[in-house]
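Visitor: I'm passing along structure_27.txt; it holds compact mmCIF, C-alpha atoms and all ligand atoms.
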# COMPACT_ATOMS: atom_id res chain seq x y z
CA MET A 1 75.00 103.70 108.91
CA GLU A 2 74.29 106.74 111.04
CA VAL A 3 73.73 106.08 114.75
CA VAL A 4 71.90 108.72 116.77
CA ILE A 5 71.67 108.27 120.54
CA VAL A 6 68.93 110.27 122.23
CA ASP A 7 67.73 110.76 125.79
CA SER A 8 64.16 109.47 125.54
CA PRO A 9 61.72 107.47 123.43
CA GLU A 10 59.90 110.79 122.79
CA GLN A 11 63.04 112.14 121.11
CA ILE A 12 63.12 109.03 118.96
CA GLY A 13 59.65 110.05 117.84
CA VAL A 14 60.66 113.63 117.06
CA LEU A 15 63.74 112.65 115.02
CA GLY A 16 61.99 109.76 113.26
CA ALA A 17 59.10 112.04 112.32
CA GLN A 18 61.58 114.64 111.09
CA ALA A 19 63.09 112.06 108.75
CA VAL A 20 59.64 111.24 107.37
CA ALA A 21 58.77 114.94 107.08
CA ASP A 22 62.00 115.64 105.18
CA THR A 23 61.17 112.87 102.73
CA VAL A 24 57.59 114.06 102.23
CA THR A 25 58.64 117.69 101.85
CA ALA A 26 60.97 116.68 99.03
CA LYS A 27 58.40 114.29 97.53
CA PRO A 28 54.77 114.90 98.62
CA ASP A 29 53.62 111.57 97.13
CA ALA A 30 56.32 109.61 98.93
CA ILE A 31 55.98 105.88 99.55
CA LEU A 32 56.17 105.22 103.29
CA GLY A 33 57.18 101.86 104.76
CA LEU A 34 55.21 101.31 107.96
CA ALA A 35 56.11 99.13 110.94
CA THR A 36 54.12 97.83 113.87
CA GLY A 37 55.53 97.24 117.36
CA SER A 38 55.75 99.73 120.20
CA SER A 39 58.97 101.42 119.04
CA PRO A 40 57.54 103.38 116.07
CA LEU A 41 54.52 104.66 118.02
CA ALA A 42 56.25 107.87 119.11
CA ILE A 43 56.97 108.60 115.43
CA TYR A 44 53.32 108.15 114.49
CA ASP A 45 52.23 110.36 117.41
CA GLU A 46 54.62 113.11 116.34
CA LEU A 47 53.54 112.83 112.70
CA GLY A 48 49.94 113.14 113.89
CA ARG A 49 50.82 116.23 115.90
CA ARG A 50 52.48 117.84 112.87
CA VAL A 51 49.55 117.04 110.61
CA ALA A 52 47.07 118.43 113.17
CA ALA A 53 49.18 121.58 113.49
CA GLY A 54 49.13 122.06 109.73
CA GLU A 55 52.91 121.64 109.49
CA LEU A 56 52.76 118.52 107.35
CA THR A 57 50.40 116.63 105.10
CA LEU A 58 50.56 112.97 104.12
CA LYS A 59 47.45 113.16 101.95
CA ASP A 60 49.30 112.19 98.77
CA CYS A 61 51.47 109.51 100.38
CA THR A 62 51.12 105.75 100.05
CA GLY A 63 51.95 103.27 102.80
CA PHE A 64 53.13 99.67 102.73
CA ASN A 65 53.10 97.64 105.94
CA LEU A 66 55.99 95.32 106.67
CA ASP A 67 54.17 92.23 107.81
CA GLU A 68 50.95 90.56 108.91
CA TYR A 69 49.81 87.65 111.02
CA VAL A 70 48.23 84.75 109.14
CA GLY A 71 44.75 83.66 110.08
CA LEU A 72 43.47 86.47 112.27
CA PRO A 73 39.91 87.57 111.47
CA ASP A 74 39.63 90.85 109.55
CA ASP A 75 38.31 92.71 112.58
CA HIS A 76 40.89 91.39 115.07
CA PRO A 77 42.52 94.39 116.78
CA GLN A 78 45.97 92.80 116.48
CA ARG A 79 45.72 92.27 112.76
CA TYR A 80 48.59 94.54 111.70
CA ARG A 81 46.43 96.25 109.08
CA ASN A 82 44.16 97.31 111.94
CA VAL A 83 47.06 98.27 114.21
CA ILE A 84 48.47 100.57 111.52
CA GLU A 85 44.99 102.00 110.96
CA ASP A 86 44.59 102.80 114.66
CA GLU A 87 48.13 103.93 115.44
CA PHE A 88 49.01 105.79 112.25
CA VAL A 89 46.27 106.27 109.67
CA THR A 90 43.67 107.76 112.02
CA LYS A 91 46.26 110.10 113.54
CA THR A 92 47.32 111.58 110.20
CA ASP A 93 45.65 112.59 106.95
CA ILE A 94 46.97 109.71 104.85
CA ASP A 95 44.19 108.10 102.81
CA THR A 96 43.39 104.68 104.29
CA ALA A 97 42.76 103.38 100.75
CA ASN A 98 46.43 104.09 100.01
CA VAL A 99 47.75 102.01 102.89
CA HIS A 100 48.50 98.40 101.99
CA GLY A 101 49.57 95.29 103.83
CA PRO A 102 50.21 91.64 103.09
CA ASP A 103 46.98 89.61 102.95
CA GLY A 104 47.09 87.27 105.94
CA SER A 105 43.76 85.70 104.99
CA ALA A 106 44.70 84.82 101.41
CA ALA A 107 43.75 81.33 100.22
CA ASP A 108 46.87 81.30 98.04
CA ILE A 109 49.61 82.72 100.21
CA PRO A 110 52.50 82.48 97.71
CA ALA A 111 50.36 84.35 95.15
CA ALA A 112 49.49 87.00 97.73
CA CYS A 113 53.18 87.42 98.59
CA ALA A 114 54.13 87.80 94.92
CA ALA A 115 51.29 90.31 94.44
CA TYR A 116 52.53 92.33 97.39
CA GLU A 117 56.06 92.49 96.01
CA ARG A 118 54.63 93.65 92.67
CA ALA A 119 52.50 96.31 94.34
CA ILE A 120 55.55 97.80 96.07
CA THR A 121 57.54 97.76 92.85
CA ASP A 122 54.68 99.20 90.78
CA ALA A 123 54.32 102.06 93.29
CA GLY A 124 57.96 102.94 92.65
CA GLY A 125 59.51 101.40 95.77
CA VAL A 126 59.63 102.59 99.35
CA ASP A 127 61.16 106.04 99.88
CA ILE A 128 61.48 105.82 103.66
CA GLN A 129 61.07 102.66 105.71
CA ILE A 130 60.37 102.89 109.43
CA LEU A 131 61.73 99.81 111.13
CA GLY A 132 61.86 98.35 114.62
CA ILE A 133 64.02 95.45 115.75
CA GLY A 134 63.18 92.35 117.74
CA SER A 135 65.26 91.46 120.79
CA ASP A 136 66.66 88.58 118.70
CA GLY A 137 67.61 90.93 115.86
CA HIS A 138 64.63 90.24 113.62
CA ILE A 139 63.35 92.93 111.28
CA ALA A 140 59.71 92.81 110.26
CA PHE A 141 59.12 89.10 110.98
CA ASN A 142 62.38 87.88 109.47
CA GLU A 143 63.42 85.64 112.32
CA PRO A 144 67.00 84.46 112.95
CA GLY A 145 68.07 82.18 110.13
CA SER A 146 66.07 84.09 107.51
CA SER A 147 67.74 84.29 104.15
CA LEU A 148 69.37 87.65 103.72
CA ALA A 149 68.15 87.47 100.10
CA SER A 150 64.53 86.70 101.07
CA ARG A 151 61.43 88.29 99.54
CA THR A 152 57.88 88.53 100.91
CA ARG A 153 56.85 85.06 102.09
CA LEU A 154 55.27 82.93 104.79
CA LYS A 155 57.32 82.60 107.98
CA THR A 156 56.90 80.64 111.19
CA LEU A 157 57.30 82.80 114.27
CA THR A 158 59.81 81.73 116.90
CA HIS A 159 58.49 80.83 120.31
CA GLN A 160 60.35 83.86 121.72
CA THR A 161 58.58 86.25 119.33
CA ARG A 162 55.22 84.71 120.23
CA VAL A 163 56.05 85.12 123.94
CA ASP A 164 57.17 88.75 123.31
CA ASN A 165 53.95 89.50 121.44
CA ALA A 166 51.62 87.66 123.85
CA ARG A 167 51.23 90.97 125.69
CA PHE A 168 49.02 92.08 122.80
CA PHE A 169 46.92 88.90 123.11
CA ASP A 170 45.92 89.09 126.80
CA ASP A 171 49.20 87.39 127.74
CA ASP A 172 48.00 84.21 126.03
CA VAL A 173 50.89 82.91 123.94
CA ASP A 174 48.64 80.28 122.37
CA ALA A 175 46.50 83.08 120.94
CA VAL A 176 49.48 84.49 119.01
CA PRO A 177 49.43 83.11 115.46
CA VAL A 178 52.18 80.68 114.52
CA HIS A 179 52.53 82.00 110.97
CA CYS A 180 52.94 85.39 109.39
CA ILE A 181 53.61 86.97 106.02
CA THR A 182 56.56 89.30 106.07
CA GLN A 183 58.44 91.41 103.60
CA GLY A 184 61.76 89.67 103.04
CA VAL A 185 65.13 91.00 104.09
CA ALA A 186 65.96 91.82 100.47
CA THR A 187 62.59 93.54 100.04
CA ILE A 188 63.31 95.80 102.99
CA MET A 189 66.83 96.49 101.70
CA GLU A 190 65.36 98.11 98.57
CA ALA A 191 63.90 101.02 100.54
CA ARG A 192 65.81 104.19 99.72
CA HIS A 193 66.16 105.34 103.33
CA ILE A 194 65.70 103.11 106.37
CA VAL A 195 65.09 104.57 109.82
CA LEU A 196 65.42 101.90 112.50
CA VAL A 197 64.31 102.83 116.00
CA ALA A 198 64.83 100.96 119.27
CA ALA A 199 64.30 101.76 122.92
CA GLY A 200 65.06 99.93 126.13
CA ARG A 201 67.82 97.76 127.57
CA HIS A 202 66.20 94.57 126.21
CA LYS A 203 67.20 95.81 122.72
CA ALA A 204 70.85 96.57 123.63
CA GLN A 205 72.33 93.29 122.38
CA ALA A 206 70.35 93.40 119.13
CA VAL A 207 71.40 97.03 118.54
CA HIS A 208 75.04 96.15 119.19
CA GLU A 209 74.87 93.27 116.70
CA LEU A 210 73.02 95.42 114.16
CA VAL A 211 75.61 98.19 114.21
CA GLU A 212 78.83 96.46 115.20
CA GLY A 213 78.41 92.72 114.81
CA PRO A 214 79.34 90.52 111.85
CA ILE A 215 76.70 90.25 109.13
CA SER A 216 74.80 87.05 109.77
CA ALA A 217 71.41 85.51 109.13
CA MET A 218 71.40 84.75 112.88
CA TRP A 219 70.91 88.51 113.43
CA PRO A 220 68.95 89.47 110.29
CA ALA A 221 69.15 93.21 111.04
CA THR A 222 72.92 93.10 110.50
CA ILE A 223 72.35 93.11 106.72
CA LEU A 224 71.50 96.81 107.11
CA GLN A 225 75.26 97.41 107.32
CA MET A 226 75.22 96.80 103.55
CA HIS A 227 72.59 99.51 102.94
CA PRO A 228 73.90 102.95 101.92
CA ASN A 229 71.32 105.04 103.78
CA VAL A 230 70.34 103.78 107.23
CA THR A 231 69.65 105.92 110.28
CA VAL A 232 69.54 104.11 113.62
CA ILE A 233 67.88 106.11 116.40
CA VAL A 234 68.17 104.62 119.88
CA ASP A 235 67.74 105.72 123.47
CA GLU A 236 70.52 105.38 126.04
CA PRO A 237 69.47 101.94 127.39
CA ALA A 238 69.27 100.51 123.85
CA ALA A 239 72.70 102.06 123.13
CA SER A 240 74.27 100.69 126.31
CA ARG A 241 76.22 97.90 124.59
CA LEU A 242 77.54 99.93 121.67
CA GLN A 243 81.34 99.83 121.71
CA LEU A 244 81.73 103.06 119.74
CA ALA A 245 78.91 105.01 121.42
CA GLY A 246 81.24 107.95 122.14
CA TYR A 247 82.22 108.19 118.50
CA TYR A 248 78.58 108.10 117.33
CA ARG A 249 77.75 110.94 119.74
CA GLU A 250 80.70 113.03 118.52
CA THR A 251 79.79 112.37 114.90
CA TYR A 252 76.19 113.46 115.38
CA ALA A 253 77.19 116.54 117.42
CA ALA A 254 79.63 117.56 114.67
CA LYS A 255 77.27 116.83 111.78
CA PRO A 256 77.35 119.58 109.15
CA ALA A 257 73.92 121.22 108.78
CA TRP A 258 73.98 120.72 105.00
CA GLN A 259 73.90 116.95 105.48
CA GLY A 260 70.33 117.20 106.79
CA PHE A 261 69.05 114.16 108.59
N1 LIG A 301 56.81 92.36 113.54
C1 LIG A 301 57.15 93.25 114.60
C2 LIG A 301 58.46 93.93 114.27
O1 LIG A 301 58.30 94.73 113.11
C3 LIG A 301 58.90 94.78 115.44
O2 LIG A 301 60.11 95.44 115.13
C4 LIG A 301 59.10 93.92 116.65
C5 LIG A 301 59.58 94.70 117.88
O3 LIG A 301 58.51 95.32 118.50
P1 LIG A 301 58.63 96.40 119.65
O4 LIG A 301 58.99 97.68 119.00
O5 LIG A 301 57.28 96.44 120.28
O6 LIG A 301 59.69 95.92 120.59
O7 LIG A 301 57.83 93.35 116.96
C6 LIG A 301 57.20 92.56 115.95
O8 LIG A 301 57.86 91.35 115.88
Just give me the structure as structure tokens.
Guide:
Amino acid sequence: MEVVIVDSPEQIGVLGAQAVADTVTAKPDAILGLATGSSPLAIYDELGRRVAAGELTLKDCTGFNLDEYVGLPDDHPQRYRNVIEDEFVTKTDIDTANVHGPDGSAADIPAACAAYERAITDAGGVDIQILGIGSDGHIAFNEPGSSLASRTRLKTLTHQTRVDNARFFDDDVDAVPVHCITQGVATIMEARHIVLVAAGRHKAQAVHELVEGPISAMWPATILQMHPNVTVIVDEPAASRLQLAGYYRETYAAKPAWQGF
């Protein structure tokens, strides 16, 4: 696990976008794993800037979203498919027809979850997964207690997650759906490169557990310690509880150029 500590959320965006650009340069039809939440927004903005400047194209890429609320109408602005459309697809040149998400309106949810797993596998698997982290250590919507071997499935959101996300629903926690479909922890672990980004002091405990804590379903992100290719990019407040922060800074400063990102 590589830990990169930067000065600002904007720098998180620049480095995260660089990781995506490196992947797409090596493989123009790369499969991108897309995350909602505020943390990845700087990455999407920077990718949009690069596409607009003619430095990068995502036109042959495919995207798979991590998760989706259950039961929101198709045109609801907080439906994650719509959030990814607004925050990522419209800013870049990726083809919207090639961006997929779990079907939160499916009549048969287990069948929709199985179909989503198959779609990711049939596409060849995710080359680079952008990931945020909840303040309780959740990844996608894999709440504390999630099986570390889980696949795409229905989950019940914790009250804390619904409170955290109420800001997107006019501060009305009752408007936040109770259920979601999320890629499982094991699904996420199959991505070839995972770039997890976090900003702000409210993420400091989760980032500490993710990088330095014992692996536990109580902090689902800790399973990433078992993944061979994870880059964690955090700002100073999010890094404030890291015990080995000095070592991570020295390691990044001394990184041989040939290692790339
Ligand atoms: N399902 C999303 C997660 O994928 C995201 O990581 C988390 C943190 O969001 P933020 O980056 O806004 O703190 O929010 C939601 O729960």
Visitor: Select from chain A every residue with an atom at most 6 Å from any atom of ligand LIG 301 (chain A), then for each give the shortest pair of atoms and their distance in Å to one decimal, using all atoms listed in the file, rows by chain and rising number, as a Markdown table.
Guide:
| residue | atom | partner | partner_atom | distance |
| --- | --- | --- | --- | --- |
| A:Ala35 | CA | A:LIG301 | O1 | 5.4 |
| A:Thr36 | CA | A:LIG301 | O1 | 5.3 |
| A:Gly37 | CA | A:LIG301 | O5 | 3.5 |
| A:Ser38 | CA | A:LIG301 | O5 | 3.6 |
| A:Ser39 | CA | A:LIG301 | O4 | 3.7 |
| A:Gly132 | CA | A:LIG301 | O2 | 3.4 |
| A:Ile133 | CA | A:LIG301 | O2 | 4.0 |
| A:Gly134 | CA | A:LIG301 | C5 | 4.3 |
| A:Ile139 | CA | A:LIG301 | O2 | 5.6 |
| A:Ala140 | CA | A:LIG301 | O1 | 3.7 |
| A:Phe141 | CA | A:LIG301 | N1 | 4.7 |
Visitor: Find the residues near Asp45 (chain A): any atom within 10 Å, counting all atoms listed in the file, skip ones fewer than 3 places away on the same chain, and give them as a list of chain:residue names.
Guide: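 Using all atoms listed in the file, the neighbours found are A:Glu10, A:Gly13, A:Val14, A:Ala17, A:Pro40, A:Leu41, A:Ala42, A:Gly48, A:Arg49, A:Arg50, A:Val51, A:Glu87, A:Phe88, A:Lys91, A:Thr92.
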Visitor: Can you tell me, as a short mmCIF file (atom, residue, chain, number, x, y, z; two decimals) with C-alpha atoms, in the frame of the given file, what residues are no more than 10 Å from Leu196 (chain A) when counting all atoms listed in the file, ignoring any on the same chain fewer than 2 positions away?
Guide:
data_model
loop_
_atom_site.label_atom_id
_atom_site.label_comp_id
_atom_site.auth_asym_id
_atom_site.auth_seq_id
_atom_site.Cartn_x
_atom_site.Cartn_y
_atom_site.Cartn_z
CA VAL A 3 73.73 106.08 114.75
CA ILE A 12 63.12 109.03 118.96
CA GLY A 16 61.99 109.76 113.26
CA ALA A 35 56.11 99.13 110.94
CA SER A 39 58.97 101.42 119.04
CA PRO A 40 57.54 103.38 116.07
CA GLN A 129 61.07 102.66 105.71
CA ILE A 130 60.37 102.89 109.43
CA LEU A 131 61.73 99.81 111.13
CA GLY A 132 61.86 98.35 114.62
CA ILE A 133 64.02 95.45 115.75
CA ILE A 139 63.35 92.93 111.28
CA HIS A 193 66.16 105.34 103.33
CA ILE A 194 65.70 103.11 106.37
CA ALA A 198 64.83 100.96 119.27
CA VAL A 207 71.40 97.03 118.54
CA ALA A 221 69.15 93.21 111.04
CA LEU A 224 71.50 96.81 107.11
CA VAL A 230 70.34 103.78 107.23
CA THR A 231 69.65 105.92 110.28
CA VAL A 232 69.54 104.11 113.62
CA ILE A 233 67.88 106.11 116.40
CA VAL A 234 68.17 104.62 119.88
#
Visitor: Report as a Markdown table the residues of region 88-152 of chain A within 10 Å of region 62-83 of chain A, each with its shortest atom pair and distance in Å (one decimal), using all atoms listed in the file, ordered by chain and increasing residue number.
Guide:
| residue | atom | partner | partner_atom | distance |
| --- | --- | --- | --- | --- |
| A:Phe88 | CA | A:Val83 | CA | 8.0 |
| A:Val89 | CA | A:Val83 | CA | 9.2 |
| A:Ile94 | CA | A:Thr62 | CA | 7.5 |
| A:Asp95 | CA | A:Thr62 | CA | 7.8 |
| A:Thr96 | CA | A:Gly63 | CA | 8.8 |
| A:Ala97 | CA | A:Thr62 | CA | 8.7 |
| A:Asn98 | CA | A:Thr62 | CA | 5.0 |
| A:Val99 | CA | A:Gly63 | CA | 4.4 |
| A:His100 | CA | A:Phe64 | CA | 4.9 |
| A:Gly101 | CA | A:Asn65 | CA | 4.7 |
| A:Pro102 | CA | A:Glu68 | CA | 6.0 |
| A:Asp103 | CA | A:Glu68 | CA | 7.2 |
| A:Gly104 | CA | A:Val70 | CA | 4.2 |
| A:Ser105 | CA | A:Gly71 | CA | 5.6 |
| A:Ala106 | CA | A:Val70 | CA | 8.5 |
| A:Ile109 | CA | A:Val70 | CA | 9.3 |
| A:Tyr116 | CA | A:Phe64 | CA | 9.1 |
| A:Ala119 | CA | A:Phe64 | CA | 9.1 |
| A:Ile120 | CA | A:Phe64 | CA | 7.3 |
| A:Ala123 | CA | A:Thr62 | CA | 8.3 |
| A:Gly125 | CA | A:Phe64 | CA | 9.6 |
| A:Val126 | CA | A:Phe64 | CA | 7.9 |
| A:Ile128 | CA | A:Gly63 | CA | 9.9 |
| A:Gln129 | CA | A:Leu66 | CA | 9.0 |
| A:Ile130 | CA | A:Leu66 | CA | 9.2 |
| A:Leu131 | CA | A:Leu66 | CA | 8.5 |
| A:Ile139 | CA | A:Leu66 | CA | 9.0 |
| A:Ala140 | CA | A:Leu66 | CA | 5.7 |
| A:Phe141 | CA | A:Asp67 | CA | 6.7 |
| A:Asn142 | CA | A:Asp67 | CA | 9.4 |
| A:Thr152 | CA | A:Asp67 | CA | 8.7 |
Visitor: With a cut-off of 12 Å, could you pull out the residues of region 155-205 of chain A touching region 143-147 of chain A and give me the nearest pair of atoms for each, distance in Å to one decimal, using only C-alpha atoms, ordered by chain and ascending number, as JSON lines?
Guide:
{"residue": "A:Lys155", "atom": "CA", "partner": "A:Glu143", "partner_atom": "CA", "distance": 8.1}
{"residue": "A:Thr156", "atom": "CA", "partner": "A:Glu143", "partner_atom": "CA", "distance": 8.3}
{"residue": "A:Leu157", "atom": "CA", "partner": "A:Glu143", "partner_atom": "CA", "distance": 7.0}
{"residue": "A:Thr158", "atom": "CA", "partner": "A:Glu143", "partner_atom": "CA", "distance": 7.0}
{"residue": "A:His159", "atom": "CA", "partner": "A:Glu143", "partner_atom": "CA", "distance": 10.5}
{"residue": "A:Gln160", "atom": "CA", "partner": "A:Glu143", "partner_atom": "CA", "distance": 10.0}
{"residue": "A:Thr161", "atom": "CA", "partner": "A:Glu143", "partner_atom": "CA", "distance": 8.5}
{"residue": "A:Arg162", "atom": "CA", "partner": "A:Glu143", "partner_atom": "CA", "distance": 11.4}
{"residue": "A:His179", "atom": "CA", "partner": "A:Glu143", "partner_atom": "CA", "distance": 11.6}
{"residue": "A:Cys180", "atom": "CA", "partner": "A:Glu143", "partner_atom": "CA", "distance": 10.9}
{"residue": "A:Ile181", "atom": "CA", "partner": "A:Glu143", "partner_atom": "CA", "distance": 11.7}
{"residue": "A:Thr182", "atom": "CA", "partner": "A:Glu143", "partner_atom": "CA", "distance": 10.0}
{"residue": "A:Gln183", "atom": "CA", "partner": "A:Ser146", "partner_atom": "CA", "distance": 11.3}
{"residue": "A:Gly184", "atom": "CA", "partner": "A:Ser147", "partner_atom": "CA", "distance": 8.1}
{"residue": "A:Val185", "atom": "CA", "partner": "A:Ser147", "partner_atom": "CA", "distance": 7.2}
{"residue": "A:Ala186", "atom": "CA", "partner": "A:Ser147", "partner_atom": "CA", "distance": 8.6}
{"residue": "A:Thr187", "atom": "CA", "partner": "A:Ser147", "partner_atom": "CA", "distance": 11.4}
Visitor: Could you tell me how far CA of Glu55 (chain A) sits from CA of Ala21 (chain A), in Å to one decimal place?
Guide: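 Value for the CA of Ala21 (chain A)-CA of Glu55 (chain A) distance: 9.2 Å.
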Visitor: What is the distance, in Å and to one decimal place, between CA of Pro177 (chain A) and CA of Arg153 (chain A)?
Guide: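 Going from CA of Pro177 (chain A) over to CA of Arg153 (chain A), I get 15.4 Å.
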Visitor: I'd like the interatomic distance between CA of Ala199 (chain A) and CA of Ala30 (chain A), to a tenth of an Å.
Guide: 26.5 Å
Visitor: Looking at A:Ile43, A:Met189, A:Leu32, A:Ala114, which one is nearest to Leu58 (chain A), with distances taken over all atoms listed in the file?
Guide: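 Ranked by minimum distance to Leu58 (chain A), first place goes to A:Leu32.
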